[in-house]
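A.B. asks: Next up, final.pdb (PDB, C-alpha atoms).
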```
MODEL        1
ATOM      1  CA  MET A   1     -87.921  60.164-287.500
ATOM      2  CA  THR A   2     -86.048  62.098-290.159
ATOM      3  CA  LEU A   3     -88.540  64.911-289.753
ATOM      4  CA  LEU A   4     -87.846  65.151-286.042
ATOM      5  CA  ARG A   5     -84.086  65.010-286.546
ATOM      6  CA  THR A   6     -84.189  67.739-289.208
ATOM      7  CA  TRP A   7     -86.326  69.950-286.967
ATOM      8  CA  ILE A   8     -83.974  69.573-283.982
ATOM      9  CA  VAL A   9     -80.902  70.358-286.111
ATOM     10  CA  SER A  10     -82.546  73.432-287.650
ATOM     11  CA  VAL A  11     -83.697  74.811-284.281
ATOM     12  CA  THR A  12     -80.241  74.213-282.785
ATOM     13  CA  ALA A  13     -78.519  75.920-285.720
ATOM     14  CA  CYS A  14     -80.961  78.841-285.517
ATOM     15  CA  ALA A  15     -80.292  79.255-281.783
ATOM     16  CA  MET A  16     -76.523  79.210-282.341
ATOM     17  CA  VAL A  17     -76.703  81.874-285.074
ATOM     18  CA  ILE A  18     -78.936  84.058-282.885
ATOM     19  CA  ALA A  19     -76.583  83.685-279.903
ATOM     20  CA  ALA A  20     -73.562  84.628-282.046
ATOM     21  CA  ALA A  21     -75.387  87.654-283.481
ATOM     22  CA  GLU A  22     -76.402  88.839-279.996
ATOM     23  CA  ALA A  23     -72.824  88.549-278.776
ATOM     24  CA  LEU A  24     -71.630  90.834-281.579
ATOM     25  CA  MET A  25     -74.316  93.499-281.065
ATOM     26  CA  PRO A  26     -73.502  96.687-279.162
ATOM     27  CA  ASP A  27     -75.351  97.357-275.910
ATOM     28  CA  GLY A  28     -78.448  99.533-275.897
ATOM     29  CA  ALA A  29     -81.490  99.740-278.141
ATOM     30  CA  VAL A  30     -79.844  97.786-280.965
ATOM     31  CA  LYS A  31     -79.217  94.798-278.681
ATOM     32  CA  ARG A  32     -82.809  94.854-277.362
ATOM     33  CA  VAL A  33     -84.245  94.943-280.883
ATOM     34  CA  GLY A  34     -81.816  92.180-281.908
ATOM     35  CA  LYS A  35     -82.920  89.980-278.998
ATOM     36  CA  LEU A  36     -86.570  90.532-279.902
ATOM     37  CA  THR A  37     -85.934  89.714-283.548
ATOM     38  CA  GLY A  38     -83.861  86.646-282.633
ATOM     39  CA  GLY A  39     -86.592  85.407-280.311
ATOM     40  CA  LEU A  40     -89.232  85.782-283.022
ATOM     41  CA  ILE A  41     -87.040  83.926-285.515
ATOM     42  CA  LEU A  42     -86.509  81.134-282.984
ATOM     43  CA  VAL A  43     -90.274  80.851-282.382
ATOM     44  CA  LEU A  44     -90.836  80.624-286.144
ATOM     45  CA  GLY A  45     -88.189  77.892-286.322
ATOM     46  CA  LEU A  46     -89.950  75.987-283.531
ATOM     47  CA  LEU A  47     -93.345  76.256-285.241
ATOM     48  CA  GLN A  48     -92.093  75.471-288.757
ATOM     49  CA  PRO A  49     -92.884  71.708-288.635
ATOM     50  CA  LEU A  50     -96.532  72.448-287.874
ATOM     51  CA  VAL A  51     -96.800  74.514-291.033
ATOM     52  CA  LYS A  52     -94.923  72.114-293.318
ATOM     53  CA  LEU A  53     -95.934  68.795-291.727
ATOM     54  CA  ASP A  54     -96.147  65.963-294.245
ATOM     55  CA  TYR A  55     -98.796  63.716-292.749
ATOM     56  CA  ASP A  56     -98.048  60.833-295.127
ATOM     57  CA  ASP A  57     -94.422  60.692-293.955
ATOM     58  CA  TRP A  58     -95.534  60.929-290.333
ATOM     59  CA  LEU A  59     -98.048  58.095-290.754
ATOM     60  CA  ASP A  60     -95.362  55.926-292.386
ATOM     61  CA  ASP A  61     -93.123  56.406-289.322
ATOM     62  CA  LEU A  62     -95.942  55.747-286.839
ATOM     63  CA  PRO A  63     -95.655  51.908-286.733
ATOM     64  CA  ALA A  64     -91.921  52.181-286.028
ATOM     65  CA  GLN A  65     -92.619  54.600-283.178
ATOM     66  CA  THR A  66     -95.238  52.386-281.551
ATOM     67  CA  ALA A  67     -93.118  49.231-281.864
ATOM     68  CA  GLY A  68     -91.165  50.172-278.749
ATOM     69  CA  ALA A  69     -94.188  51.375-276.828
ATOM     70  CA  VAL A  70     -94.884  50.108-273.331
ATOM     71  CA  THR A  71     -97.890  47.806-273.104
ATOM     72  CA  GLN A  72    -100.524  47.740-270.390
ATOM     73  CA  GLU A  73     -99.242  44.326-269.295
ATOM     74  CA  ASP A  74     -95.735  45.745-268.810
ATOM     75  CA  LEU A  75     -97.082  48.524-266.636
ATOM     76  CA  GLU A  76     -99.184  46.128-264.549
ATOM     77  CA  GLY A  77     -96.232  43.776-264.130
ATOM     78  CA  ALA A  78     -94.066  46.635-262.910
ATOM     79  CA  ALA A  79     -96.790  47.729-260.499
ATOM     80  CA  TYR A  80     -97.312  44.220-259.095
ATOM     81  CA  ALA A  81     -93.597  43.349-258.683
ATOM     82  CA  PRO A  82     -93.215  45.160-255.328
ATOM     83  CA  MET A  83     -96.601  43.810-254.243
ATOM     84  CA  LYS A  84     -95.409  40.245-254.902
ATOM     85  CA  SER A  85     -92.459  40.503-252.503
ATOM     86  CA  ILE A  86     -94.660  42.128-249.839
ATOM     87  CA  ILE A  87     -97.277  39.387-250.136
ATOM     88  CA  GLU A  88     -94.612  36.670-249.925
ATOM     89  CA  ARG A  89     -93.025  38.251-246.854
ATOM     90  CA  GLU A  90     -96.339  38.856-245.055
ATOM     91  CA  LEU A  91     -97.675  35.364-245.738
ATOM     92  CA  SER A  92     -94.406  33.825-244.553
ATOM     93  CA  ALA A  93     -94.736  35.778-241.291
ATOM     94  CA  TYR A  94     -98.381  34.671-241.030
ATOM     95  CA  ILE A  95     -97.392  30.999-241.319
ATOM     96  CA  VAL A  96     -94.683  31.416-238.664
ATOM     97  CA  ASP A  97     -97.237  33.053-236.334
ATOM     98  CA  LYS A  98     -99.773  30.293-237.028
ATOM     99  CA  GLY A  99     -97.078  27.714-236.259
ATOM    100  CA  ALA A 100     -96.336  29.451-232.950
ATOM    101  CA  GLN A 101    -100.047  29.235-232.077
ATOM    102  CA  LEU A 102     -99.827  25.486-232.707
ATOM    103  CA  GLY A 103     -96.661  25.195-230.602
ATOM    104  CA  VAL A 104     -94.302  24.860-233.579
ATOM    105  CA  THR A 105     -91.113  26.879-233.962
ATOM    106  CA  CYS A 106     -90.602  27.152-237.702
ATOM    107  CA  THR A 107     -89.554  29.285-240.633
ATOM    108  CA  ALA A 108     -91.589  29.685-243.788
ATOM    109  CA  GLN A 109     -90.994  30.823-247.328
ATOM    110  CA  VAL A 110     -93.920  31.572-249.631
ATOM    111  CA  VAL A 111     -93.652  31.808-253.413
ATOM    112  CA  CYS A 112     -96.226  33.771-255.408
ATOM    113  CA  GLU A 113     -96.866  33.504-259.111
ATOM    114  CA  THR A 114     -98.721  35.914-261.342
ATOM    115  CA  GLY A 115    -102.379  35.051-261.864
ATOM    116  CA  GLU A 116    -104.443  35.612-264.998
ATOM    117  CA  ASP A 117    -105.193  39.220-264.060
ATOM    118  CA  GLY A 118    -101.551  39.947-263.143
ATOM    119  CA  VAL A 119    -102.114  39.847-259.382
ATOM    120  CA  PRO A 120     -99.603  37.735-257.380
ATOM    121  CA  ILE A 121    -101.155  34.554-255.934
ATOM    122  CA  PRO A 122     -99.407  32.308-253.374
ATOM    123  CA  THR A 123     -98.743  28.905-254.964
ATOM    124  CA  ARG A 124     -95.975  27.231-252.945
ATOM    125  CA  THR A 125     -94.559  27.295-249.460
ATOM    126  CA  THR A 126     -91.630  25.663-247.707
ATOM    127  CA  ILE A 127     -91.966  25.282-243.938
ATOM    128  CA  THR A 128     -88.948  24.230-241.919
ATOM    129  CA  GLY A 129     -89.202  23.215-238.287
ATOM    130  CA  ALA A 130     -89.578  20.295-235.897
ATOM    131  CA  MET A 131     -93.201  19.273-235.499
ATOM    132  CA  THR A 132     -95.236  16.264-234.517
ATOM    133  CA  PRO A 133     -97.476  14.547-237.077
ATOM    134  CA  ALA A 134    -100.530  16.191-235.488
ATOM    135  CA  GLN A 135     -98.913  19.636-235.693
ATOM    136  CA  LYS A 136     -97.943  18.987-239.316
ATOM    137  CA  GLU A 137    -101.543  18.046-240.184
ATOM    138  CA  ALA A 138    -102.792  21.199-238.445
ATOM    139  CA  MET A 139    -100.289  23.298-240.441
ATOM    140  CA  ILE A 140    -101.325  21.607-243.699
ATOM    141  CA  ARG A 141    -105.004  22.314-242.946
ATOM    142  CA  CYS A 142    -104.270  25.925-242.016
ATOM    143  CA  VAL A 143    -102.168  26.671-245.101
ATOM    144  CA  THR A 144    -104.637  24.921-247.404
ATOM    145  CA  GLN A 145    -107.768  26.548-246.005
ATOM    146  CA  GLU A 146    -106.552  30.015-245.118
ATOM    147  CA  LEU A 147    -103.990  30.669-247.857
ATOM    148  CA  ALA A 148    -105.428  28.415-250.599
ATOM    149  CA  ILE A 149    -102.047  26.807-251.220
ATOM    150  CA  PRO A 150    -102.742  23.209-252.253
ATOM    151  CA  ARG A 151    -101.099  20.323-250.402
ATOM    152  CA  SER A 152     -98.958  19.614-253.474
ATOM    153  CA  GLY A 153     -97.471  23.108-253.123
ATOM    154  CA  GLN A 154     -96.481  22.641-249.482
ATOM    155  CA  ILE A 155     -93.036  21.320-248.561
ATOM    156  CA  TYR A 156     -92.164  20.435-244.965
ATOM    157  CA  ARG A 157     -88.552  19.943-243.830
ATOM    158  CA  ASN A 158     -87.313  18.385-240.558
ATOM    159  CA  GLU A 159     -90.917  17.595-239.948
ATOM    160  CA  GLU A 160     -91.148  14.943-237.265
ATOM    161  CA  VAL A 161     -90.135  15.077-233.610
ATOM    162  CA  PRO A 162     -88.877  11.720-232.207
TER     163      PRO A 162
ENDMDL
END
```
Now, as a test, write the supplied structure out as C-alpha cells.
C.D. replies:
Amino acid sequence: MTLLRTWIVSVTACAMVIAAAEALMPDGAVKRVGKLTGGLILVLGLLQPLVKLDYDDWLDDLPAQTAGAVTQEDLEGAAYAPMKSIIERELSAYIVDKGAQLGVTCTAQVVCETGEDGVPIPTRTTITGAMTPAQKEAMIRCVTQELAIPRSGQIYRNEEVP
C-alpha cells in the first residue's frame, strides 16, 4: 500500500509542478514545447512504478489486499436477494388465487430461506381467512404438493367457519 500511496503523491506533485510551469510560460512556441515536455515527464512519472516495482514488497501486501475482497457467496447472495422477495410475493399471490378457486377468501404470506446453492426456497407460509375444515385440508394439500412447503411450515389463522 505504501508503494501505491507514494506513486499517487509523486504523480500529483509532478502534475502540480507542470501546471505551474505552464502558467508561467509565454504564449507561442515556448508554451507548446513546454506542454509537450511536461506531458512526457508526466507519462514517465506514471510509468515509474513499473520500472522500479519491488515484487517482494508487493507480494507482502497481497494478503492484506485480498482480505477485503468480495467472495463468490457474497455476489450470489446479492443477486438472489431481489429474487427472494419476488418469489415470496408471487407465491403468496398464487396461494390467494388457489384459495379463490376453492371458494376461500384469504391472504397469504410466504417466507423463503436460502438453500444450499444460494437459491431462495419457500419454507413457511401463513394463510389468513375463514375456511371450512374441508377447504383447509384442500389448501394444505395444495401448498404441500405444489409448493413443497411441509405441513409443519404452514400456519392457518381464523381457519374455521361456524
A.B. asks: On this file, the PyMOL selection byres ((chain A and resi 102-109) around 10) gives some set of residues; write that set as a PyMOL selection string.
C.D. replies: chain A and resi 88-101+110-111+124-132+134-136+138-139+155-159
A.B. asks: Could you pull the residues within 8 Å of Ile87 of chain A, counting only C-alpha atoms, minus those fewer than 4 positions along the same chain, as a list in words?
C.D. replies: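 Neighbouring residues, sequence-local ones excluded: Met83, Leu91, Cys112 and Pro120 of chain A.
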A.B. asks: Just how far from atom CA of Cys14 of chain A is atom CA of Thr2 of chain A, in Å to one decimal?
C.D. replies: 18.1 Å
A.B. asks: One decimal, Å: what's the distance from atom CA of Pro26 of chain A over to atom CA of Leu46 of chain A, could you say?
C.D. replies: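 Distance between the two atoms: 26.8 Å.
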A.B. asks: Could you tell me how far atom CA of Val11 of chain A sits from atom CA of Leu47 of chain A, in Å to one decimal place?
C.D. replies: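 It comes out at 9.8 Å.
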A.B. asks: Put the listed atoms of segment 81-90 of chain A in a box along x, y and z with 6 Å added on every side and give me the centre and edge lengths in Å to one decimal, as AutoDock Vina command-line options.
C.D. replies:
```
--center_x -94.9 --center_y 40.9 --center_z -251.9 --size_x 16.8 --size_y 20.5 --size_z 25.6
```
A.B. asks: Fewer than 6 positions away in the same chain doesn't count, so skip those; otherwise give me all residues within 8 Å of Pro150 of chain A, counting only C-alpha atoms, as a PyMOL selection string.
C.D. replies: chain A and resi 123-124+143-144
A.B. asks: Pick out the closest residue to Thr37 of chain A from this set: A:Leu4, A:Ala13, A:Ala21, A:Ile140. Count only C-alpha atoms.
C.D. replies: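 So, comparing all the options, the nearest one is A:Ala21.
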A.B. asks: Using all atoms listed in the file, collect all residues at a distance of at most 9 Å from (-104.3, 34.2, -255.6) as written in the file, then present them as an MDAnalysis selection string.
C.D. replies: chainID A and resid 112:115 119:123 147:149
A.B. asks: Keeping C-alpha atoms for every residue in the selection just given, could you write it to a file as a CSV table (one decimal), in the coordinates of the input?
C.D. replies:
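Output contents, as saved in result_26.csv:
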```
chain,number,residue,atom,x,y,z
A,112,CYS,CA,-96.2,33.8,-255.4
A,113,GLU,CA,-96.9,33.5,-259.1
A,114,THR,CA,-98.7,35.9,-261.3
A,115,GLY,CA,-102.4,35.1,-261.9
A,119,VAL,CA,-102.1,39.8,-259.4
A,120,PRO,CA,-99.6,37.7,-257.4
A,121,ILE,CA,-101.2,34.6,-255.9
A,122,PRO,CA,-99.4,32.3,-253.4
A,123,THR,CA,-98.7,28.9,-255.0
A,147,LEU,CA,-104.0,30.7,-247.9
A,148,ALA,CA,-105.4,28.4,-250.6
A,149,ILE,CA,-102.0,26.8,-251.2
```
